[in-house]
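File shown: final-v5.cif (mmCIF, C-alpha atoms).
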data_structure
#
loop_
_atom_site.label_atom_id
_atom_site.label_comp_id
_atom_site.auth_asym_id
_atom_site.auth_seq_id
_atom_site.Cartn_x
_atom_site.Cartn_y
_atom_site.Cartn_z
CA MET A 235 82.56 126.53 169.45
CA GLY A 236 83.06 122.80 169.83
CA ILE A 237 85.33 121.35 172.49
CA ASP A 238 86.66 117.84 173.02
CA PRO A 239 87.88 118.03 176.64
CA GLY A 240 90.83 116.05 177.95
CA VAL A 241 93.51 116.64 180.59
CA ALA A 242 96.48 116.16 178.23
CA SER A 243 94.84 117.40 175.00
CA THR A 244 91.71 119.50 174.69
CA GLY A 245 90.59 119.97 171.09
CA PHE A 246 88.75 123.12 170.07
CA GLY A 247 87.06 124.22 166.88
CA VAL A 248 85.14 127.35 165.93
CA VAL A 249 82.64 127.00 163.10
CA ARG A 250 80.64 129.80 161.53
CA PHE A 251 77.16 129.02 160.19
CA ASP A 252 76.01 131.53 157.63
CA GLY A 253 72.74 130.49 156.06
CA GLY A 254 73.40 127.05 154.63
CA ARG A 255 77.18 127.47 154.57
CA MET A 256 79.67 126.63 157.26
CA SER A 257 83.33 127.52 157.60
CA ALA A 258 86.08 126.96 160.16
CA LEU A 259 87.27 130.12 161.94
CA ASP A 260 89.75 128.39 164.24
CA GLY A 261 90.75 124.96 165.40
CA GLY A 262 93.55 123.33 167.36
CA VAL A 263 94.60 121.61 170.54
CA ILE A 264 95.34 122.90 174.05
CA GLU A 265 98.07 120.65 175.42
CA THR A 266 99.23 120.43 179.02
CA PRO A 267 102.48 118.75 180.08
CA ALA A 268 102.15 115.61 182.24
CA ALA A 269 104.90 116.93 184.52
CA LEU A 270 102.63 119.76 185.69
CA ASP A 271 100.56 119.52 188.90
CA PRO A 272 96.98 118.35 187.99
CA GLY A 273 95.44 121.60 189.27
CA ARG A 274 97.82 123.66 187.11
CA ARG A 275 96.94 121.57 184.05
CA LEU A 276 93.26 122.37 184.66
CA ALA A 277 94.14 126.05 185.13
CA ARG A 278 95.89 126.04 181.72
CA ILE A 279 92.83 124.50 180.05
CA HIS A 280 90.48 126.95 181.79
CA GLY A 281 92.67 129.93 180.85
CA ALA A 282 93.07 128.87 177.22
CA VAL A 283 89.35 128.17 176.75
CA SER A 284 88.46 131.51 178.40
CA ASP A 285 90.84 133.28 175.98
CA LEU A 286 89.27 131.52 172.98
CA LEU A 287 85.75 132.47 174.16
CA ASP A 288 86.89 136.08 174.56
CA ARG A 289 88.48 136.13 171.12
CA HIS A 290 85.70 134.43 169.13
CA GLU A 291 82.58 135.32 171.15
CA PRO A 292 80.72 132.19 169.99
CA ASP A 293 76.92 131.89 170.36
CA SER A 294 77.25 128.68 172.35
CA VAL A 295 79.59 125.87 173.33
CA ALA A 296 79.13 122.23 172.34
CA LEU A 297 80.96 119.40 174.11
CA GLU A 298 81.44 115.82 173.13
CA ASP A 299 79.88 113.67 175.81
CA ILE A 300 82.01 111.02 177.40
CA TYR A 301 82.18 107.58 175.85
CA PHE A 302 80.38 105.20 178.23
CA GLY A 303 82.84 102.36 177.73
CA ARG A 304 85.55 104.27 179.59
CA ASN A 305 86.71 103.13 183.00
CA VAL A 306 85.88 105.16 186.10
CA ARG A 307 89.43 106.46 186.56
CA SER A 308 89.61 108.00 183.09
CA ALA A 309 85.98 109.20 183.34
CA VAL A 310 86.91 111.23 186.43
CA ALA A 311 89.95 112.72 184.69
CA VAL A 312 87.92 113.72 181.60
CA GLY A 313 85.18 114.97 183.95
CA GLN A 314 87.70 117.29 185.63
CA ALA A 315 88.70 118.76 182.26
CA ARG A 316 85.01 119.04 181.26
CA GLY A 317 84.30 120.84 184.53
CA VAL A 318 86.74 123.69 183.90
CA VAL A 319 85.57 124.02 180.27
CA MET A 320 81.92 124.24 181.41
CA LEU A 321 82.98 126.77 184.05
CA ALA A 322 84.73 128.94 181.44
CA ALA A 323 81.57 128.84 179.29
CA ALA A 324 79.32 129.74 182.24
CA GLN A 325 81.65 132.59 183.20
CA ALA A 326 81.30 133.88 179.62
CA GLY A 327 77.50 133.64 179.97
CA LEU A 328 77.24 130.76 177.48
CA GLU A 329 75.26 127.56 177.65
CA CYS A 330 76.95 124.20 176.99
CA PHE A 331 75.34 121.52 174.85
CA ASP A 332 76.37 117.86 175.07
CA TYR A 333 76.40 115.43 172.17
CA THR A 334 77.23 111.75 172.34
CA PRO A 335 80.12 110.55 170.16
CA GLN A 336 77.52 108.61 168.12
CA ALA A 337 75.44 111.75 167.46
CA VAL A 338 78.56 113.64 166.39
CA LYS A 339 79.69 110.88 164.01
CA MET A 340 76.16 110.63 162.62
CA ALA A 341 76.11 114.39 161.99
CA VAL A 342 79.37 114.51 160.04
CA CYS A 343 79.64 111.00 158.54
CA GLY A 344 76.03 109.82 158.35
CA THR A 345 76.82 106.83 160.56
CA GLY A 346 77.33 106.54 164.32
CA GLY A 347 80.04 103.93 163.82
CA ALA A 348 82.48 106.04 161.76
CA SER A 349 86.22 105.75 162.48
CA LYS A 350 88.42 108.63 163.69
CA ALA A 351 90.00 108.84 160.23
CA GLN A 352 86.55 109.09 158.58
CA VAL A 353 85.58 111.91 160.98
CA GLN A 354 88.82 113.76 160.18
CA ARG A 355 88.26 113.38 156.41
CA MET A 356 84.60 114.46 156.54
CA VAL A 357 85.34 117.46 158.78
CA GLY A 358 87.98 118.58 156.28
CA ALA A 359 85.54 118.13 153.37
CA LEU A 360 82.51 119.77 155.07
CA LEU A 361 84.51 122.82 156.12
CA GLY A 362 86.35 123.11 152.78
CA LEU A 363 89.77 122.73 154.41
CA GLU A 364 92.81 121.90 152.29
CA GLY A 365 92.97 118.51 154.04
CA PRO A 366 91.68 116.68 157.10
CA PRO A 367 92.72 118.32 160.44
CA SER A 368 95.96 116.65 161.53
CA SER A 369 94.84 116.32 165.16
CA ASP A 370 91.92 114.00 165.89
CA HIS A 371 91.11 116.13 168.98
CA ALA A 372 90.74 119.25 166.82
CA ALA A 373 88.71 117.22 164.27
CA ASP A 374 86.42 115.93 167.06
CA ALA A 375 85.94 119.49 168.35
CA LEU A 376 85.10 120.80 164.86
CA ALA A 377 82.77 117.81 164.38
CA VAL A 378 80.83 118.54 167.59
CA ALA A 379 80.57 122.20 166.52
CA ILE A 380 79.17 121.08 163.14
CA CYS A 381 76.75 118.71 164.91
CA HIS A 382 75.48 121.50 167.17
CA GLY A 383 75.33 124.08 164.40
CA ASN A 384 73.31 121.72 162.19
CA ARG A 385 70.86 121.04 165.00
CA ALA A 386 70.55 124.72 165.86
CA ALA A 387 70.04 125.62 162.16
CA PHE A 388 67.42 122.87 161.87
CA GLU A 389 65.57 124.07 164.98
CA LEU A 390 65.70 127.66 163.74
CA ALA A 391 64.23 126.55 160.40
CA ALA A 392 61.62 124.36 162.14
CA GLY A 393 60.74 127.24 164.49
CA ALA A 394 60.47 129.67 161.57
CA SER A 395 58.21 127.34 159.55
CA GLN A 396 56.09 126.70 162.67
CA GLN A 397 55.75 130.45 163.21
CA ALA A 398 54.87 130.88 159.54
CA SER A 399 52.16 128.20 159.68
CA GLN A 400 50.77 129.67 162.92
CA ALA A 401 50.69 133.09 161.26
CA GLN A 402 48.95 131.56 158.23
CA ALA A 403 46.40 129.86 160.48
CA ALA A 404 45.79 133.22 162.20
CA GLY A 405 45.34 134.80 158.77
CA VAL A 406 48.14 137.34 159.21
CA ALA A 407 50.71 135.83 156.84
CA PRO A 408 50.96 135.95 153.06
CA MET B 168 90.98 122.38 204.02
CA GLY B 169 89.22 119.16 203.14
CA ILE B 170 86.66 119.00 200.36
CA ASP B 171 84.19 116.31 199.36
CA PRO B 172 83.20 117.44 195.84
CA GLY B 173 79.79 116.84 194.33
CA VAL B 174 77.57 118.72 191.87
CA ALA B 175 74.55 118.98 194.21
CA SER B 176 76.43 119.08 197.54
CA THR B 177 80.10 119.86 198.08
CA GLY B 178 81.22 119.38 201.67
CA PHE B 179 84.03 121.51 203.09
CA GLY B 180 85.91 121.45 206.37
CA VAL B 181 88.78 123.53 207.70
CA VAL B 182 90.92 121.90 210.39
CA ARG B 183 93.74 123.56 212.29
CA PHE B 184 96.68 121.42 213.41
CA ASP B 185 98.58 122.98 216.28
CA GLY B 186 101.24 120.60 217.60
CA GLY B 187 99.35 117.45 218.55
CA ARG B 188 95.95 119.17 218.74
CA MET B 189 93.42 119.67 216.04
CA SER B 190 90.31 121.82 215.92
CA ALA B 191 87.62 122.66 213.38
CA LEU B 192 87.65 126.25 212.12
CA ASP B 193 84.80 125.87 209.66
CA GLY B 194 82.68 123.22 208.01
CA GLY B 195 79.54 122.99 205.93
CA VAL B 196 78.04 122.24 202.56
CA ILE B 197 77.89 124.20 199.30
CA GLU B 198 74.58 123.28 197.69
CA THR B 199 73.52 124.00 194.13
CA PRO B 200 69.92 123.75 192.90
CA ALA B 201 69.18 121.05 190.32
CA ALA B 202 67.13 123.58 188.32
CA LEU B 203 70.28 125.56 187.53
CA ASP B 204 72.21 125.07 184.27
CA PRO B 205 75.12 122.59 184.90
CA GLY B 206 77.74 125.23 184.07
CA ARG B 207 76.19 127.67 186.55
CA ARG B 208 76.19 124.98 189.24
CA LEU B 209 79.93 124.50 188.68
CA ALA B 210 80.41 128.29 188.76
CA ARG B 211 78.68 128.41 192.19
CA ILE B 212 80.96 125.67 193.53
CA HIS B 213 84.05 127.35 192.09
CA GLY B 214 83.04 130.74 193.52
CA ALA B 215 82.19 129.38 196.98
CA VAL B 216 85.42 127.35 197.24
CA SER B 217 87.47 130.36 196.06
CA ASP B 218 85.81 132.49 198.78
CA LEU B 219 86.58 129.87 201.46
CA LEU B 220 90.23 129.68 200.34
CA ASP B 221 90.45 133.48 200.49
CA ARG B 222 88.90 133.59 203.95
CA HIS B 223 90.84 130.74 205.59
CA GLU B 224 94.12 130.76 203.64
CA PRO B 225 94.74 127.05 204.28
CA ASP B 226 98.18 125.46 203.78
CA SER B 227 96.79 122.90 201.36
CA VAL B 228 93.65 121.28 200.04
CA ALA B 229 92.76 117.61 200.47
CA LEU B 230 90.11 115.90 198.36
CA GLU B 231 88.39 112.61 198.81
CA ASP B 232 89.16 110.46 195.81
CA ILE B 233 86.27 109.00 193.91
CA TYR B 234 84.86 105.66 194.92
CA PHE B 235 85.76 103.17 192.19
CA GLY B 236 82.45 101.35 192.35
CA ARG B 237 80.62 104.33 190.86
CA ASN B 238 79.24 104.18 187.37
CA VAL B 239 80.82 106.19 184.56
CA ARG B 240 77.96 108.71 184.39
CA SER B 241 78.23 109.71 188.06
CA ALA B 242 82.06 109.57 187.89
CA VAL B 243 82.00 112.22 185.14
CA ALA B 244 79.64 114.44 187.18
CA VAL B 245 81.80 114.19 190.31
CA GLY B 246 84.87 114.72 188.11
CA GLN B 247 83.37 118.00 186.84
CA ALA B 248 82.87 119.22 190.41
CA ARG B 249 86.39 118.03 191.36
CA GLY B 250 87.77 119.92 188.35
CA VAL B 251 86.47 123.32 189.44
CA VAL B 252 87.59 122.70 193.06
CA MET B 253 91.11 121.77 191.87
CA LEU B 254 91.08 124.86 189.64
CA ALA B 255 90.14 127.11 192.60
CA ALA B 256 93.00 125.58 194.62
CA ALA B 257 95.51 126.05 191.77
CA GLN B 258 94.36 129.66 191.29
CA ALA B 259 95.05 130.21 195.02
CA GLY B 260 98.53 128.68 194.54
CA LEU B 261 97.68 125.57 196.58
CA GLU B 262 98.41 121.93 195.90
CA CYS B 263 95.62 119.33 196.10
CA PHE B 264 96.13 115.98 197.79
CA ASP B 265 93.89 112.99 197.07
CA TYR B 266 92.92 110.33 199.58
CA THR B 267 90.86 107.25 198.90
CA PRO B 268 87.66 106.84 200.95
CA GLN B 269 89.37 103.84 202.60
CA ALA B 270 92.39 105.91 203.69
CA VAL B 271 90.11 108.61 205.10
CA LYS B 272 88.03 106.10 207.09
CA MET B 273 91.19 104.42 208.32
CA ALA B 274 92.56 107.79 209.50
CA VAL B 275 89.49 108.76 211.52
CA CYS B 276 87.96 105.39 212.52
CA GLY B 277 90.92 103.00 212.43
CA THR B 278 89.20 100.84 209.82
CA GLY B 279 88.72 101.30 206.07
CA GLY B 280 85.25 99.77 206.26
CA ALA B 281 83.66 102.28 208.66
CA SER B 282 80.07 103.43 208.01
CA LYS B 283 79.05 107.04 207.28
CA ALA B 284 77.56 107.30 210.80
CA GLN B 285 80.83 106.08 212.37
CA VAL B 286 82.80 108.69 210.38
CA GLN B 287 80.39 111.43 211.53
CA ARG B 288 80.69 110.34 215.20
CA MET B 289 84.49 110.07 215.13
CA VAL B 290 84.91 113.42 213.35
CA GLY B 291 82.77 115.02 216.08
CA ALA B 292 84.81 113.32 218.82
CA LEU B 293 88.28 114.00 217.31
CA LEU B 294 87.50 117.70 216.75
CA GLY B 295 85.79 118.13 220.15
CA LEU B 296 82.51 119.21 218.56
CA GLU B 297 79.32 119.20 220.61
CA GLY B 298 78.02 116.39 218.41
CA PRO B 299 78.66 114.70 215.07
CA PRO B 300 78.36 117.05 212.05
CA SER B 301 74.77 116.81 210.79
CA SER B 302 75.80 116.65 207.13
CA ASP B 303 77.73 113.60 205.99
CA HIS B 304 79.31 115.72 203.23
CA ALA B 305 80.71 118.16 205.81
CA ALA B 306 81.82 115.20 207.97
CA ASP B 307 83.58 113.60 204.98
CA ALA B 308 85.32 116.90 204.20
CA LEU B 309 86.47 117.32 207.83
CA ALA B 310 87.58 113.65 207.79
CA VAL B 311 89.75 114.11 204.69
CA ALA B 312 91.26 117.25 206.27
CA ILE B 313 92.07 115.21 209.41
CA CYS B 314 93.54 112.43 207.25
CA HIS B 315 95.78 114.88 205.37
CA GLY B 316 96.76 116.81 208.52
CA ASN B 317 97.75 113.58 210.27
CA ARG B 318 99.88 112.49 207.34
CA ALA B 319 101.50 115.90 207.03
CA ALA B 320 102.18 115.99 210.81
CA PHE B 321 103.64 112.48 210.60
CA GLU B 322 105.88 113.40 207.66
CA LEU B 323 107.03 116.56 209.44
CA ALA B 324 107.89 114.49 212.55
CA ALA B 325 109.57 111.78 210.44
CA GLY B 326 111.54 114.43 208.54
CA ALA B 327 112.59 116.11 211.81
CA SER B 328 113.74 112.83 213.37
CA GLN B 329 115.56 111.92 210.15
CA GLN B 330 117.34 115.28 210.19
CA ALA B 331 118.18 114.75 213.87
CA SER B 332 119.66 111.31 213.21
CA GLN B 333 121.60 112.62 210.21
CA ALA B 334 122.93 115.43 212.38
CA GLN B 335 123.86 112.88 215.05
CA ALA B 336 125.64 110.72 212.48
CA ALA B 337 127.53 113.81 211.30
CA GLY B 338 128.47 114.55 214.91
CA VAL B 339 126.82 117.98 214.96
CA ALA B 340 123.81 117.22 217.17
CA PRO B 341 123.53 116.87 220.95
#

If you took the structure in this file and wrote it as structure tokens, what would it be?
Amino acid sequence: MGIDPGVASTGFGVVRFDGGRMSALDGGVIETPAALDPGRRLARIHGAVSDLLDRHEPDSVALEDIYFGRNVRSAVAVGQARGVVMLAAAQAGLECFDYTPQAVKMAVCGTGGASKAQVQRMVGALLGLEGPPSSDHAADALAVAICHGNRAAFELAAGASQQASQAQAAGVAP
Amino acid sequence: MGIDPGVASTGFGVVRFDGGRMSALDGGVIETPAALDPGRRLARIHGAVSDLLDRHEPDSVALEDIYFGRNVRSAVAVGQARGVVMLAAAQAGLECFDYTPQAVKMAVCGTGGASKAQVQRMVGALLGLEGPPSSDHAADALAVAICHGNRAAFELAAGASQQASQAQAAGVAP
């Protein structure tokens, strides 16, 4: 499950990796009204993410890291939303993985400088959706899930080939 | 209850305001080991703060606002710790109040430019402790509780005198 945390809008996306194929199981945005007390907004995000983790039982959670160019005030606010998302993951026994916005764009678009619209288009294409996700928060969350899934699949493959070559060296493999 | 949130060390302090007198009911530091997964560190902070809120049933929670001079990386980390503290407060039905470091220092030392050592000494003196709190995180948490309690006491007094003068104007008061 990928998450793009934010106080007003937290994007989420659940991507299934099955061999070389990936597909979107869920995706959307958790929105909290500005009129609500800040603590209650965080409680909504925490509750909604906990529900999604319960429903989908993902293997892990991937978060988009904060963009360094932000100012300190907005970094704290995003940090607060990140904190309750990371807490929900820890409470579900899951590890969180962070990816920089550049790494995410590179994973889905092949370039770290891709625009939001390019990310939305490529996410739609990679997941075989009818069109690009309408929300850029949901698209970012699906993109970070794709980025993590690709890395995990790559490491699994690398680990498997390493095991195979070790087994060959030990003379126990075909 | 005052809280000075941080990933490694979260200070807490519980101050009772009884008429014009204040006293410390509790104070200390929640520490999390750096070796722990970041999500688990946040879960420890959330659990410990929730326990303290259960035990002391404070009227409200006051947090020290982040220092603007911080860099974005550390602002995000403190924001994550703040997020789980604010969540614990919201889950206990309590509102969080933010005070800038300057406002807190002004409230306990009479100057916004006081040093950490001055804050520790004044917190010890104001609360009638045997000495200054040994941890500056606990001292900061007690200081923000004092700052909030003073403001709340002032607003209560101002509200009472406003009511009295309104009653006088309406000819219903002595």

Using every C-alpha atom paired in order, could you least-squares fit chain A onto chain B and give me the moved chain as a CSV table (one decimal) with C-alpha atoms, in the coordinates of the input?
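What ended up in part23.csv:
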chain,number,residue,atom,x,y,z
A,235,MET,CA,91.0,122.3,204.1
A,236,GLY,CA,89.2,119.1,203.2
A,237,ILE,CA,86.7,119.0,200.4
A,238,ASP,CA,84.2,116.3,199.4
A,239,PRO,CA,83.2,117.4,195.8
A,240,GLY,CA,79.8,116.9,194.3
A,241,VAL,CA,77.6,118.8,191.9
A,242,ALA,CA,74.6,119.0,194.2
A,243,SER,CA,76.5,119.1,197.6
A,244,THR,CA,80.1,119.9,198.1
A,245,GLY,CA,81.2,119.4,201.7
A,246,PHE,CA,84.1,121.5,203.1
A,247,GLY,CA,85.9,121.4,206.4
A,248,VAL,CA,88.8,123.5,207.7
A,249,VAL,CA,90.9,121.8,210.4
A,250,ARG,CA,93.8,123.5,212.3
A,251,PHE,CA,96.7,121.3,213.4
A,252,ASP,CA,98.6,122.8,216.3
A,253,GLY,CA,101.2,120.5,217.6
A,254,GLY,CA,99.3,117.3,218.6
A,255,ARG,CA,96.0,119.1,218.8
A,256,MET,CA,93.4,119.6,216.1
A,257,SER,CA,90.3,121.8,215.9
A,258,ALA,CA,87.6,122.6,213.4
A,259,LEU,CA,87.7,126.2,212.1
A,260,ASP,CA,84.8,125.9,209.7
A,261,GLY,CA,82.7,123.2,208.0
A,262,GLY,CA,79.6,123.0,205.9
A,263,VAL,CA,78.1,122.3,202.6
A,264,ILE,CA,77.9,124.2,199.3
A,265,GLU,CA,74.6,123.3,197.7
A,266,THR,CA,73.6,124.1,194.1
A,267,PRO,CA,70.0,123.9,192.9
A,268,ALA,CA,69.2,121.2,190.3
A,269,ALA,CA,67.2,123.7,188.3
A,270,LEU,CA,70.3,125.7,187.5
A,271,ASP,CA,72.3,125.2,184.3
A,272,PRO,CA,75.2,122.7,184.9
A,273,GLY,CA,77.8,125.3,184.1
A,274,ARG,CA,76.3,127.7,186.6
A,275,ARG,CA,76.3,125.0,189.3
A,276,LEU,CA,80.0,124.5,188.7
A,277,ALA,CA,80.5,128.3,188.8
A,278,ARG,CA,78.8,128.4,192.2
A,279,ILE,CA,81.0,125.7,193.5
A,280,HIS,CA,84.2,127.3,192.1
A,281,GLY,CA,83.2,130.7,193.5
A,282,ALA,CA,82.3,129.4,197.0
A,283,VAL,CA,85.5,127.3,197.3
A,284,SER,CA,87.6,130.3,196.1
A,285,ASP,CA,85.9,132.5,198.8
A,286,LEU,CA,86.7,129.8,201.5
A,287,LEU,CA,90.3,129.6,200.4
A,288,ASP,CA,90.6,133.4,200.5
A,289,ARG,CA,89.0,133.5,204.0
A,290,HIS,CA,90.9,130.7,205.6
A,291,GLU,CA,94.2,130.7,203.7
A,292,PRO,CA,94.8,126.9,204.3
A,293,ASP,CA,98.2,125.4,203.8
A,294,SER,CA,96.8,122.8,201.4
A,295,VAL,CA,93.7,121.2,200.0
A,296,ALA,CA,92.8,117.5,200.5
A,297,LEU,CA,90.1,115.8,198.4
A,298,GLU,CA,88.3,112.6,198.8
A,299,ASP,CA,89.1,110.4,195.8
A,300,ILE,CA,86.2,109.0,193.9
A,301,TYR,CA,84.8,105.6,194.9
A,302,PHE,CA,85.7,103.1,192.2
A,303,GLY,CA,82.3,101.3,192.3
A,304,ARG,CA,80.5,104.3,190.9
A,305,ASN,CA,79.1,104.2,187.3
A,306,VAL,CA,80.7,106.2,184.6
A,307,ARG,CA,77.9,108.8,184.4
A,308,SER,CA,78.2,109.8,188.0
A,309,ALA,CA,82.0,109.6,187.9
A,310,VAL,CA,82.0,112.3,185.1
A,311,ALA,CA,79.6,114.5,187.2
A,312,VAL,CA,81.8,114.2,190.3
A,313,GLY,CA,84.9,114.7,188.1
A,314,GLN,CA,83.4,118.0,186.8
A,315,ALA,CA,82.9,119.2,190.4
A,316,ARG,CA,86.4,118.0,191.3
A,317,GLY,CA,87.8,119.9,188.4
A,318,VAL,CA,86.5,123.3,189.5
A,319,VAL,CA,87.6,122.7,193.1
A,320,MET,CA,91.2,121.7,191.9
A,321,LEU,CA,91.1,124.8,189.7
A,322,ALA,CA,90.2,127.1,192.6
A,323,ALA,CA,93.1,125.5,194.6
A,324,ALA,CA,95.6,126.0,191.8
A,325,GLN,CA,94.5,129.6,191.3
A,326,ALA,CA,95.1,130.1,195.0
A,327,GLY,CA,98.6,128.6,194.6
A,328,LEU,CA,97.7,125.5,196.6
A,329,GLU,CA,98.4,121.8,195.9
A,330,CYS,CA,95.6,119.2,196.1
A,331,PHE,CA,96.1,115.9,197.8
A,332,ASP,CA,93.9,112.9,197.1
A,333,TYR,CA,92.9,110.3,199.6
A,334,THR,CA,90.8,107.2,198.9
A,335,PRO,CA,87.6,106.8,201.0
A,336,GLN,CA,89.3,103.8,202.6
A,337,ALA,CA,92.3,105.8,203.7
A,338,VAL,CA,90.0,108.5,205.1
A,339,LYS,CA,87.9,106.1,207.1
A,340,MET,CA,91.1,104.4,208.3
A,341,ALA,CA,92.5,107.7,209.5
A,342,VAL,CA,89.4,108.7,211.5
A,343,CYS,CA,87.9,105.4,212.5
A,344,GLY,CA,90.8,102.9,212.4
A,345,THR,CA,89.1,100.8,209.8
A,346,GLY,CA,88.6,101.3,206.1
A,347,GLY,CA,85.1,99.8,206.3
A,348,ALA,CA,83.5,102.3,208.7
A,349,SER,CA,80.0,103.5,208.0
A,350,LYS,CA,79.0,107.1,207.3
A,351,ALA,CA,77.5,107.3,210.8
A,352,GLN,CA,80.7,106.1,212.4
A,353,VAL,CA,82.7,108.7,210.4
A,354,GLN,CA,80.3,111.4,211.5
A,355,ARG,CA,80.6,110.3,215.2
A,356,MET,CA,84.4,110.0,215.1
A,357,VAL,CA,84.9,113.4,213.4
A,358,GLY,CA,82.7,115.0,216.1
A,359,ALA,CA,84.8,113.3,218.8
A,360,LEU,CA,88.2,114.0,217.3
A,361,LEU,CA,87.5,117.7,216.7
A,362,GLY,CA,85.8,118.1,220.1
A,363,LEU,CA,82.5,119.2,218.6
A,364,GLU,CA,79.3,119.2,220.6
A,365,GLY,CA,78.0,116.4,218.4
A,366,PRO,CA,78.6,114.7,215.1
A,367,PRO,CA,78.4,117.1,212.0
A,368,SER,CA,74.8,116.9,210.8
A,369,SER,CA,75.8,116.7,207.1
A,370,ASP,CA,77.7,113.6,206.0
A,371,HIS,CA,79.3,115.7,203.2
A,372,ALA,CA,80.7,118.2,205.8
A,373,ALA,CA,81.8,115.2,208.0
A,374,ASP,CA,83.6,113.6,205.0
A,375,ALA,CA,85.3,116.9,204.2
A,376,LEU,CA,86.5,117.3,207.8
A,377,ALA,CA,87.6,113.6,207.8
A,378,VAL,CA,89.7,114.1,204.7
A,379,ALA,CA,91.3,117.2,206.3
A,380,ILE,CA,92.1,115.2,209.4
A,381,CYS,CA,93.5,112.4,207.3
A,382,HIS,CA,95.8,114.8,205.4
A,383,GLY,CA,96.8,116.7,208.5
A,384,ASN,CA,97.7,113.5,210.3
A,385,ARG,CA,99.8,112.4,207.4
A,386,ALA,CA,101.5,115.8,207.0
A,387,ALA,CA,102.2,115.9,210.8
A,388,PHE,CA,103.6,112.4,210.6
A,389,GLU,CA,105.9,113.3,207.7
A,390,LEU,CA,107.0,116.5,209.4
A,391,ALA,CA,107.9,114.4,212.5
A,392,ALA,CA,109.6,111.7,210.4
A,393,GLY,CA,111.5,114.4,208.5
A,394,ALA,CA,112.5,116.1,211.7
A,395,SER,CA,113.8,112.9,213.3
A,396,GLN,CA,115.6,112.0,210.1
A,397,GLN,CA,117.3,115.4,210.1
A,398,ALA,CA,118.1,114.9,213.8
A,399,SER,CA,119.7,111.5,213.2
A,400,GLN,CA,121.6,112.8,210.1
A,401,ALA,CA,122.9,115.7,212.3
A,402,GLN,CA,123.9,113.2,215.0
A,403,ALA,CA,125.7,111.1,212.5
A,404,ALA,CA,127.5,114.2,211.2
A,405,GLY,CA,128.4,115.0,214.9
A,406,VAL,CA,126.7,118.4,214.9
A,407,ALA,CA,123.7,117.6,217.1
A,408,PRO,CA,123.4,117.2,220.8

Would you please work out which residue, of B:Glu231, B:Glu224, B:Asp204, B:Asp185, is nearest to B:Ala305 when using all atoms listed in the file?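 Checking each candidate against B:Ala305, we get B:Glu231 as the closest.
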
My list of candidates is B:Asp265, B:Asp303, B:Glu198, B:Glu322. Which is closest to B:Tyr234 when distances are computed with all atoms listed in the file?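 Residue with the minimum atom-to-atom distance to B:Tyr234: B:Asp265.
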
For the atom pair atom CA of A:Pro335 and atom CA of B:Ile233, what is the interatomic distance in Å to one decimal place?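 So the answer is 24.6 Å.
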
Quick one: apply the PyMOL selection byres ((chain A) within 7 of (chain B)) to the file and drop the selected residues here as an MDAnalysis selection string. chainID A and resid 273:274 276:277 302 305:306 309:311 313:318 320:321 324

What's around B:Ser302 at 12 Å? Count all atoms listed in the file, leave out sequence neighbours fewer than 2 positions away in its own chain, and write the answer as a PDB file with C-alpha atoms, in the frame of the given file.
ATOM      1  CA  ASP B 171      84.190 116.310 199.360  1.00  0.00           C
ATOM      2  CA  SER B 176      76.430 119.080 197.540  1.00  0.00           C
ATOM      3  CA  THR B 177      80.100 119.860 198.080  1.00  0.00           C
ATOM      4  CA  GLY B 178      81.220 119.380 201.670  1.00  0.00           C
ATOM      5  CA  PHE B 179      84.030 121.510 203.090  1.00  0.00           C
ATOM      6  CA  GLY B 180      85.910 121.450 206.370  1.00  0.00           C
ATOM      7  CA  GLY B 194      82.680 123.220 208.010  1.00  0.00           C
ATOM      8  CA  GLY B 195      79.540 122.990 205.930  1.00  0.00           C
ATOM      9  CA  VAL B 196      78.040 122.240 202.560  1.00  0.00           C
ATOM     10  CA  ILE B 197      77.890 124.200 199.300  1.00  0.00           C
ATOM     11  CA  GLU B 198      74.580 123.280 197.690  1.00  0.00           C
ATOM     12  CA  LYS B 283      79.050 107.040 207.280  1.00  0.00           C
ATOM     13  CA  ALA B 284      77.560 107.300 210.800  1.00  0.00           C
ATOM     14  CA  VAL B 286      82.800 108.690 210.380  1.00  0.00           C
ATOM     15  CA  GLN B 287      80.390 111.430 211.530  1.00  0.00           C
ATOM     16  CA  ARG B 288      80.690 110.340 215.200  1.00  0.00           C
ATOM     17  CA  VAL B 290      84.910 113.420 213.350  1.00  0.00           C
ATOM     18  CA  GLY B 291      82.770 115.020 216.080  1.00  0.00           C
ATOM     19  CA  GLY B 298      78.020 116.390 218.410  1.00  0.00           C
ATOM     20  CA  PRO B 299      78.660 114.700 215.070  1.00  0.00           C
ATOM     21  CA  PRO B 300      78.360 117.050 212.050  1.00  0.00           C
ATOM     22  CA  HIS B 304      79.310 115.720 203.230  1.00  0.00           C
ATOM     23  CA  ALA B 305      80.710 118.160 205.810  1.00  0.00           C
ATOM     24  CA  ALA B 306      81.820 115.200 207.970  1.00  0.00           C
ATOM     25  CA  ASP B 307      83.580 113.600 204.980  1.00  0.00           C
ATOM     26  CA  ALA B 308      85.320 116.900 204.200  1.00  0.00           C
ATOM     27  CA  LEU B 309      86.470 117.320 207.830  1.00  0.00           C
TER      28      LEU B 309
END

In Å to one decimal, how far is atom CA of A:Ile380 from atom CA of A:Leu297? 11.2 Å

Restricting the calculation to all atoms listed in the file, which member of B:Ala175, B:Met189, B:Ala319, B:Met168 is positioned closest to B:Leu296?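 Ranking B:Ala175, B:Met189, B:Ala319, B:Met168 by distance to B:Leu296, first place goes to B:Met189.
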